[in-house]
file final.cif (mmCIF, C-alpha atoms and all ligand atoms)
data_start
loop_
_atom_site.label_atom_id
_atom_site.label_comp_id
_atom_site.auth_asym_id
_atom_site.auth_seq_id
_atom_site.Cartn_x
_atom_site.Cartn_y
_atom_site.Cartn_z
CA MET A 1 -7.25 13.30 -24.69
CA GLY A 2 -9.12 11.69 -21.77
CA ALA A 3 -7.88 9.14 -19.29
CA VAL A 4 -6.91 5.72 -20.64
CA ALA A 5 -6.98 2.30 -18.97
CA TYR A 6 -5.24 -0.89 -20.05
CA VAL A 7 -7.62 -3.85 -19.87
CA ASN A 8 -6.48 -7.29 -21.01
CA GLY A 9 -4.30 -6.21 -23.91
CA ARG A 10 -6.24 -3.10 -24.98
CA TYR A 11 -5.88 0.60 -24.23
CA LEU A 12 -9.40 1.95 -23.70
CA ALA A 13 -10.96 5.25 -22.73
CA LEU A 14 -11.33 4.99 -18.95
CA LYS A 15 -15.02 5.88 -19.15
CA GLN A 16 -15.70 2.91 -21.42
CA ALA A 17 -13.22 0.47 -19.86
CA SER A 18 -14.90 -2.43 -18.03
CA VAL A 19 -14.47 -6.03 -17.01
CA ASN A 20 -16.73 -9.00 -17.57
CA VAL A 21 -19.47 -9.38 -14.90
CA GLU A 22 -18.12 -12.87 -14.22
CA ASP A 23 -14.60 -11.65 -13.56
CA ARG A 24 -13.51 -13.38 -10.36
CA GLY A 25 -11.91 -10.17 -9.15
CA PHE A 26 -15.30 -8.48 -9.35
CA GLN A 27 -17.31 -11.38 -7.87
CA PHE A 28 -14.92 -12.76 -5.22
CA GLY A 29 -12.11 -10.26 -4.76
CA ASP A 30 -10.05 -13.13 -6.19
CA GLY A 31 -7.08 -11.08 -7.27
CA ILE A 32 -4.12 -8.98 -6.20
CA TYR A 33 -2.90 -5.45 -6.86
CA GLU A 34 -0.09 -2.94 -6.50
CA VAL A 35 0.02 0.84 -6.27
CA VAL A 36 3.26 2.53 -7.31
CA TYR A 37 4.09 6.23 -6.97
CA VAL A 38 5.62 7.84 -10.01
CA GLN A 39 7.91 10.83 -9.53
CA ASP A 40 9.05 12.66 -12.68
CA GLY A 41 8.56 9.49 -14.69
CA ARG A 42 10.43 7.25 -12.23
CA LEU A 43 8.55 4.33 -10.69
CA ILE A 44 9.46 4.62 -7.01
CA ASP A 45 10.66 1.38 -5.37
CA ALA A 46 9.60 -0.49 -8.53
CA PRO A 47 11.74 -3.62 -7.92
CA LEU A 48 10.13 -4.02 -4.47
CA HIS A 49 6.60 -3.59 -5.87
CA MET A 50 7.24 -6.01 -8.74
CA ALA A 51 8.71 -8.63 -6.38
CA ARG A 52 5.67 -8.30 -4.08
CA LEU A 53 3.27 -8.53 -7.03
CA GLN A 54 4.93 -11.79 -8.10
CA ARG A 55 4.84 -13.13 -4.55
CA SER A 56 1.14 -12.24 -4.11
CA LEU A 57 0.34 -14.07 -7.37
CA ARG A 58 2.32 -17.12 -6.25
CA GLU A 59 0.64 -17.22 -2.85
CA ILE A 60 -2.84 -17.43 -4.39
CA ALA A 61 -1.79 -19.56 -7.39
CA ILE A 62 -2.40 -17.14 -10.26
CA LEU A 63 0.04 -17.37 -13.15
CA PRO A 64 1.49 -13.99 -14.20
CA PRO A 65 -0.31 -12.84 -17.36
CA LEU A 66 2.83 -11.02 -18.59
CA SER A 67 6.55 -11.17 -17.93
CA LEU A 68 7.90 -8.42 -15.69
CA ASN A 69 9.59 -6.77 -18.68
CA ALA A 70 6.35 -6.75 -20.67
CA LEU A 71 4.45 -5.47 -17.64
CA GLU A 72 6.84 -2.56 -17.31
CA VAL A 73 6.41 -1.72 -21.01
CA VAL A 74 2.62 -1.60 -20.53
CA ILE A 75 2.91 0.48 -17.36
CA ARG A 76 5.10 3.01 -19.21
CA GLU A 77 2.63 3.12 -22.08
CA VAL A 78 -0.29 3.73 -19.69
CA LEU A 79 1.68 6.58 -18.09
CA ARG A 80 2.52 8.02 -21.52
CA ARG A 81 -1.06 7.82 -22.80
CA ASN A 82 -2.34 9.48 -19.63
CA ARG A 83 0.48 12.06 -19.68
CA VAL A 84 1.26 11.22 -16.07
CA SER A 85 4.81 11.98 -14.98
CA THR A 86 4.00 12.42 -11.26
CA GLY A 87 1.16 10.38 -9.88
CA LEU A 88 0.03 6.83 -9.23
CA VAL A 89 -0.08 3.62 -11.20
CA TYR A 90 -2.62 0.96 -10.20
CA ILE A 91 -2.04 -2.62 -11.35
CA GLN A 92 -4.63 -5.34 -10.70
CA ILE A 93 -4.54 -8.99 -11.68
CA SER A 94 -7.50 -11.29 -11.04
CA ARG A 95 -7.87 -15.02 -11.63
CA GLY A 96 -9.93 -14.22 -14.72
CA VAL A 97 -13.44 -14.81 -16.04
CA ALA A 98 -15.33 -18.03 -15.32
CA ARG A 99 -18.86 -19.25 -14.54
CA ARG A 100 -19.49 -18.33 -10.92
CA ASN A 101 -18.22 -21.01 -8.54
CA HIS A 102 -16.06 -20.44 -5.48
CA ALA A 103 -13.42 -23.04 -6.44
CA PHE A 104 -10.88 -22.22 -9.16
CA PRO A 105 -12.09 -22.81 -12.74
CA ALA A 106 -11.54 -26.50 -13.66
CA THR A 107 -9.69 -25.50 -16.80
CA PRO A 108 -7.42 -22.55 -16.15
CA VAL A 109 -8.53 -19.23 -17.64
CA ARG A 110 -6.43 -16.24 -18.61
CA PRO A 111 -5.92 -13.90 -15.64
CA SER A 112 -7.36 -10.39 -16.10
CA LEU A 113 -4.89 -7.51 -16.05
CA ILE A 114 -5.95 -3.91 -15.48
CA ILE A 115 -3.63 -0.91 -15.31
CA THR A 116 -4.68 2.69 -14.68
CA ALA A 117 -2.76 5.87 -13.88
CA ARG A 118 -3.65 9.19 -12.40
CA HIS A 119 -2.02 12.54 -11.68
CA GLY A 120 -0.73 13.73 -8.29
CA PRO A 121 -0.48 14.02 -5.38
CA ALA A 122 2.61 16.23 -5.49
CA LEU A 123 5.32 15.54 -2.94
CA PRO A 124 4.66 17.27 0.40
CA ARG A 125 6.75 20.31 1.28
CA ASP A 126 7.53 19.51 4.89
CA ALA A 127 6.63 17.03 7.62
CA ALA A 128 4.48 19.48 9.62
CA SER A 129 2.13 20.30 6.74
CA TRP A 130 1.96 16.60 5.82
CA ALA A 131 1.02 15.44 9.35
CA GLY A 132 -2.34 13.82 10.03
CA SER A 133 -4.38 12.03 12.65
CA ALA A 134 -5.42 8.43 13.25
CA ILE A 135 -7.98 6.43 15.16
CA THR A 136 -7.49 2.90 16.48
CA LEU A 137 -9.82 0.02 15.68
CA PRO A 138 -9.94 -3.78 16.07
CA ASP A 139 -8.37 -5.55 13.09
CA GLN A 140 -11.20 -7.45 11.39
CA ARG A 141 -9.24 -8.71 8.38
CA TRP A 142 -8.42 -12.24 7.28
CA ALA A 143 -5.39 -14.32 8.30
CA ARG A 144 -3.24 -13.68 5.18
CA CYS A 145 -2.70 -9.93 5.27
CA ASP A 146 0.77 -10.51 3.76
CA VAL A 147 -0.97 -11.03 0.39
CA LYS A 148 -1.92 -7.75 -1.31
CA SER A 149 -5.38 -8.99 -2.15
CA THR A 150 -8.11 -6.90 -3.77
CA ASN A 151 -10.39 -8.29 -1.07
CA LEU A 152 -10.33 -5.10 0.99
CA LEU A 153 -13.72 -4.96 2.69
CA ALA A 154 -12.39 -4.77 6.26
CA ASN A 155 -9.84 -2.13 5.19
CA VAL A 156 -12.58 -0.14 3.43
CA LEU A 157 -14.81 -0.18 6.51
CA ALA A 158 -11.94 0.82 8.80
CA LYS A 159 -10.92 3.67 6.49
CA GLN A 160 -14.51 4.88 6.37
CA MET A 161 -14.60 4.94 10.20
CA ALA A 162 -11.42 7.05 10.12
CA ARG A 163 -12.95 9.38 7.53
CA HIS A 164 -16.08 9.68 9.66
CA ALA A 165 -13.94 10.63 12.67
CA GLY A 166 -12.09 13.22 10.57
CA ALA A 167 -8.88 11.15 10.72
CA TYR A 168 -6.45 10.16 7.96
CA GLU A 169 -5.82 6.57 8.99
CA ALA A 170 -7.27 3.72 11.04
CA ILE A 171 -4.55 1.93 12.99
CA LEU A 172 -5.57 -1.67 13.66
CA TYR A 173 -4.96 -3.92 16.66
CA ASP A 174 -5.44 -7.68 17.01
CA ALA A 175 -7.22 -9.75 19.69
CA ALA A 176 -4.14 -9.47 21.95
CA GLN A 177 -4.32 -5.64 21.67
CA THR A 178 -1.14 -5.66 19.57
CA ILE A 179 -0.88 -3.18 16.71
CA THR A 180 -0.84 -4.82 13.29
CA GLU A 181 -0.79 -1.98 10.73
CA GLY A 182 -2.90 0.79 9.24
CA ALA A 183 -5.90 0.20 6.97
CA SER A 184 -3.59 1.17 4.09
CA SER A 185 -0.18 1.77 5.65
CA SER A 186 2.62 0.37 7.80
CA VAL A 187 2.77 1.76 11.35
CA TRP A 188 5.93 2.89 13.14
CA MET A 189 6.53 4.55 16.49
CA VAL A 190 9.26 5.90 18.70
CA ASP A 191 8.48 4.34 22.06
CA GLU A 192 8.74 5.99 25.47
CA ASN A 193 12.39 4.84 25.71
CA GLY A 194 13.27 6.46 22.39
CA THR A 195 13.43 3.22 20.37
CA LEU A 196 12.15 3.29 16.79
CA ARG A 197 9.88 0.26 16.33
CA THR A 198 7.69 -1.35 13.70
CA ARG A 199 6.01 -4.75 13.75
CA GLN A 200 7.97 -7.75 12.46
CA LEU A 201 6.82 -9.18 9.11
CA GLY A 202 4.40 -12.09 9.20
CA ARG A 203 1.00 -13.09 7.92
CA GLU A 204 -0.66 -10.35 10.00
CA ILE A 205 0.70 -7.45 7.94
CA LEU A 206 1.53 -6.48 4.38
CA PRO A 207 5.28 -6.34 3.75
CA GLY A 208 5.26 -2.64 2.87
CA CYS A 209 7.58 -1.56 0.05
CA THR A 210 8.00 1.88 1.63
CA ARG A 211 8.81 0.08 4.89
CA ALA A 212 11.48 -1.98 3.11
CA ALA A 213 12.95 1.08 1.34
CA LEU A 214 13.04 2.95 4.66
CA PHE A 215 14.85 0.02 6.31
CA ALA A 216 17.59 0.36 3.67
CA GLU A 217 17.77 4.11 4.37
CA LEU A 218 17.96 3.49 8.14
CA HIS A 219 20.75 0.99 7.60
CA THR A 220 22.75 3.48 5.53
CA ALA A 221 22.15 6.22 8.11
CA GLY A 222 23.11 3.93 11.00
CA ILE A 223 19.74 4.48 12.74
CA ALA A 224 18.64 1.51 14.84
CA VAL A 225 15.16 0.06 14.41
CA ALA A 226 13.54 -2.77 16.34
CA GLU A 227 11.19 -5.08 14.45
CA THR A 228 9.01 -5.83 17.43
CA ALA A 229 5.27 -5.66 17.81
CA PHE A 230 3.85 -3.12 20.26
CA THR A 231 0.59 -2.90 22.08
CA LEU A 232 -2.18 -0.35 21.80
CA ALA A 233 -1.24 0.90 25.27
CA GLU A 234 2.38 1.40 24.16
CA LEU A 235 1.23 3.24 21.05
CA LYS A 236 -0.78 5.60 23.21
CA ARG A 237 2.39 6.41 25.18
CA ALA A 238 4.55 6.85 22.04
CA ARG A 239 6.83 9.85 21.65
CA GLU A 240 6.32 9.77 17.88
CA ILE A 241 4.08 7.89 15.45
CA PHE A 242 4.19 7.78 11.67
CA VAL A 243 2.78 5.63 8.92
CA THR A 244 4.33 4.72 5.57
CA SER A 245 2.95 3.74 2.18
CA ALA A 246 3.56 4.38 -1.51
CA THR A 247 1.00 7.20 -1.43
CA SER A 248 1.56 8.63 2.06
CA PHE A 249 5.40 8.38 1.99
CA VAL A 250 6.42 9.03 5.63
CA LYS A 251 3.35 10.60 7.22
CA PRO A 252 3.55 11.93 10.80
CA ILE A 253 0.59 11.04 13.00
CA ILE A 254 0.18 13.84 15.52
CA ARG A 255 -3.24 12.97 16.97
CA LEU A 256 -4.39 9.51 18.03
CA ASP A 257 -8.00 8.86 19.02
CA GLY A 258 -8.49 12.58 19.51
CA ALA A 259 -5.48 13.10 21.82
CA SER A 260 -2.16 14.73 20.90
CA VAL A 261 0.82 12.43 20.31
CA ALA A 262 3.49 13.85 22.64
CA ASN A 263 3.36 17.64 22.07
CA GLY A 264 1.22 17.35 18.94
CA ALA A 265 3.95 18.11 16.39
CA PRO A 266 6.10 15.73 14.28
CA GLY A 267 9.12 14.53 16.32
CA PRO A 268 12.79 14.58 15.29
CA VAL A 269 12.99 10.93 14.15
CA THR A 270 9.85 11.29 12.02
CA ILE A 271 11.12 14.51 10.44
CA ALA A 272 14.51 12.96 9.66
CA LEU A 273 12.89 9.91 8.04
CA PHE A 274 10.35 12.04 6.15
CA GLU A 275 13.24 13.98 4.64
CA ARG A 276 15.34 10.89 3.94
CA TYR A 277 12.49 9.15 2.14
CA LEU A 278 11.78 12.24 0.02
CA ARG A 279 15.47 12.36 -0.93
CA HIS A 280 15.34 8.64 -1.74
CA MET A 281 12.38 9.31 -4.03
CA GLN A 282 14.17 12.11 -5.82
CA THR A 283 17.46 10.31 -6.24
CA GLY A 284 16.92 6.59 -5.61
N1 LIG B 301 -0.38 -2.08 4.75
C1 LIG B 301 -1.51 -2.05 4.04
C2 LIG B 301 -2.70 -2.78 4.56
C3 LIG B 301 -1.56 -1.36 2.81
O1 LIG B 301 -2.70 -1.34 2.09
C4 LIG B 301 -0.42 -0.67 2.37
C5 LIG B 301 -0.43 0.09 1.11
O2 LIG B 301 -1.43 0.30 0.49
C6 LIG B 301 0.75 -0.71 3.15
C7 LIG B 301 0.74 -1.43 4.34
C8 LIG B 301 1.99 0.00 2.74
O3 LIG B 301 2.56 -0.66 1.64
P1 LIG B 301 3.45 0.12 0.58
O4 LIG B 301 4.50 0.83 1.38
O5 LIG B 301 4.02 -0.95 -0.27
O6 LIG B 301 2.55 1.05 -0.16
#
call {"tool": "encode", "arguments": {"input": "final.cif", "output": "structure tokens", "more": "lines below"}}
Ligand code: PLP
result
Amino acid sequence: MGAVAYVNGRYLALKQASVNVEDRGFQFGDGIYEVVYVQDGRLIDAPLHMARLQRSLREIAILPPLSLNALEVVIREVLRRNRVSTGLVYIQISRGVARRNHAFPATPVRPSLIITARHGPALPRDAASWAGSAITLPDQRWARCDVKSTNLLANVLAKQMARHAGAYEAILYDAAQTITEGASSSVWMVDENGTLRTRQLGREILPGCTRAALFAELHTAGIAVAETAFTLAELKRAREIFVTSATSFVKPIIRLDGASVANGAPGPVTIALFERYLRHMQTG
């Protein structure tokens, strides 16, 4: 049995699955999405992802095509049909199909819903083997990065620059040389005074679900974290850097713009949080 995609109420062979050429998601990036990691059949941090999906829809005035309960039923069915028990689920909702015109369709159309699933990646064994590198780049995205929009051109270009440089992630900074986030991750650091920091939420960054789950873990563990923005210069002096996302978990960054971060190995805070998040995924 080959891969299966859910497209607007139907389960189709992935190879044949397609959307209308006038889908507004295809023509304008007028839609939102979520990516959820699935571990042994459990949707990791699902309540956080579902809440963010609903918020993204609200912020761009798309009505949910399904209730959350119905959506979860479809997600489970897509996983079952693809025989995925550990892997990724991708959920995309666009404003729907309408004659091309920038403004919303005059009479509302049914939003398009697409769900796909794929196997892997397996959970990493340890922080050291999971570590990667990053480059820094100016943030060229729009002013509502808190919405998980399918309009990802600036993120795509930044990620390609990282790939070209042999790096895992592109860490972005704004016009004031303040770090916003990664092209597809939240950015954290332990600063030169030993304080764990990540940028405060706002329109400049996506409210990461992994970030939120890690905050709960930090709270339980009694580890202090400061939600304060930091500059590119501060990042370059960091003792530890890591990024978080549904697909990178807690990923140590041990090289930045070609130079080692501290001694070039994951630091103690990063290792502790890597392990805590993995435990959270296995038990939470
Ligand atoms: N920031 C951006 C721009 C992202 O694309 C992502 C995830 O893809 C994240 C942060 C991390 O979000 P999450 O932890 O919910 O995966």
call {"tool": "closest_residue", "arguments": {"input": "final.cif", "among": "A:Leu201, A:Ala183, A:Ile241, A:Leu79", "to": "A:Asp40", "atoms": "all atoms listed in the file"}}
result
A:Leu79
call {"tool": "atom_distance", "arguments": {"input": "final.cif", "atom1": "atom CA of A:Val19", "atom2": "atom CA of A:Asn151"}}
result
16.6 Å
call {"tool": "residues_near_ligand", "arguments": {"input": "final.cif", "ligand": "ligand LIG 301 (chain B)", "cutoff": "7 Å", "atoms": "all atoms listed in the file", "output": "PyMOL selection string"}}
result
chain A and resi 35+49+181-186+205-211+244-247
call {"tool": "closest_residue", "arguments": {"input": "final.cif", "among": "A:Val190, A:Val73, A:Leu256, A:Val250", "to": "A:Leu137", "atoms": "only C-alpha atoms"}}
result
A:Leu256
call {"tool": "closest_residue", "arguments": {"input": "final.cif", "among": "A:Asp139, A:Gly120, A:Gln160, A:His219", "to": "A:Ala175", "atoms": "all atoms listed in the file"}}
result
A:Asp139
call {"tool": "axis_aligned_box", "arguments": {"input": "final.cif", "around": "stretch 152-164 of chain A", "padding_each_side": "4 Å", "output": "lines of an AutoDock Vina configuration file"}}
result
center_x = -13.0
center_y = 2.3
center_z = 5.6
size_x = 14.2
size_y = 22.8
size_z = 17.2
call {"tool": "closest_residue", "arguments": {"input": "final.cif", "among": "A:Arg144, A:Arg118, A:Asp257, A:Thr195", "to": "A:Ile171", "atoms": "only C-alpha atoms"}}
result
A:Asp257
call {"tool": "residues_around", "arguments": {"input": "final.cif", "residues": "stretch 22-28 of chain A", "least_positions_apart": "3", "cutoff": "8 Å", "atoms": "only C-alpha atoms", "output": "list in words"}}
result
Val19, Gly31, Ile93, Ser94, Arg95, Gly96, Val97, Ala98, Arg99, Arg100, His102, Ser112, Thr150 and Asn151 of chain A
call {"tool": "closest_residue", "arguments": {"input": "final.cif", "among": "A:Phe215, A:Tyr173, A:Phe249, A:Phe230", "to": "A:Glu192", "atoms": "only C-alpha atoms"}}
result
A:Phe230
call {"tool": "atom_distance", "arguments": {"input": "final.cif", "atom1": "atom CA of A:Asn263", "atom2": "atom CA of A:Asp126"}}
result
17.8 Å
call {"tool": "atom_distance", "arguments": {"input": "final.cif", "atom1": "atom CA of A:Asn193", "atom2": "atom CA of A:Cys145"}}
result
29.4 Å
call {"tool": "closest_residue", "arguments": {"input": "final.cif", "among": "A:Ile60, A:Thr86, A:Ile114, A:Phe104", "to": "A:Tyr11", "atoms": "only C-alpha atoms"}}
result
A:Ile114
call {"tool": "residues_around", "arguments": {"input": "final.cif", "residues": "A:Leu123", "least_positions_apart": "6", "cutoff": "12 Å", "atoms": "only C-alpha atoms", "output": "JSON, numbers by chain"}}
result
{"A": [37, 38, 39, 40, 86, 87, 88, 129, 130, 246, 247, 248, 249, 250, 251, 274, 275, 277, 278, 279, 281, 282]}
call {"tool": "closest_atom_pairs", "arguments": {"input": "final.cif", "of": "stretch 134-224 of chain A", "to": "stretch 268-272 of chain A", "cutoff": "12 Å", "atoms": "only C-alpha atoms", "output": "Markdown table"}}
result
| residue | atom | partner | partner_atom | distance |
| --- | --- | --- | --- | --- |
| A:Val187 | CA | A:Thr270 | CA | 11.9 |
| A:Trp188 | CA | A:Thr270 | CA | 9.3 |
| A:Met189 | CA | A:Thr270 | CA | 8.7 |
| A:Val190 | CA | A:Val269 | CA | 7.7 |
| A:Asp191 | CA | A:Val269 | CA | 11.2 |
| A:Gly194 | CA | A:Val269 | CA | 9.4 |
| A:Thr195 | CA | A:Val269 | CA | 9.9 |
| A:Leu196 | CA | A:Val269 | CA | 8.1 |
| A:Arg197 | CA | A:Val269 | CA | 11.3 |
| A:Leu214 | CA | A:Ala272 | CA | 11.3 |
| A:Glu217 | CA | A:Ala272 | CA | 10.8 |
| A:Leu218 | CA | A:Ala272 | CA | 10.2 |
| A:Ala221 | CA | A:Ala272 | CA | 10.3 |
| A:Ile223 | CA | A:Val269 | CA | 9.4 |
| A:Ala224 | CA | A:Val269 | CA | 11.0 |
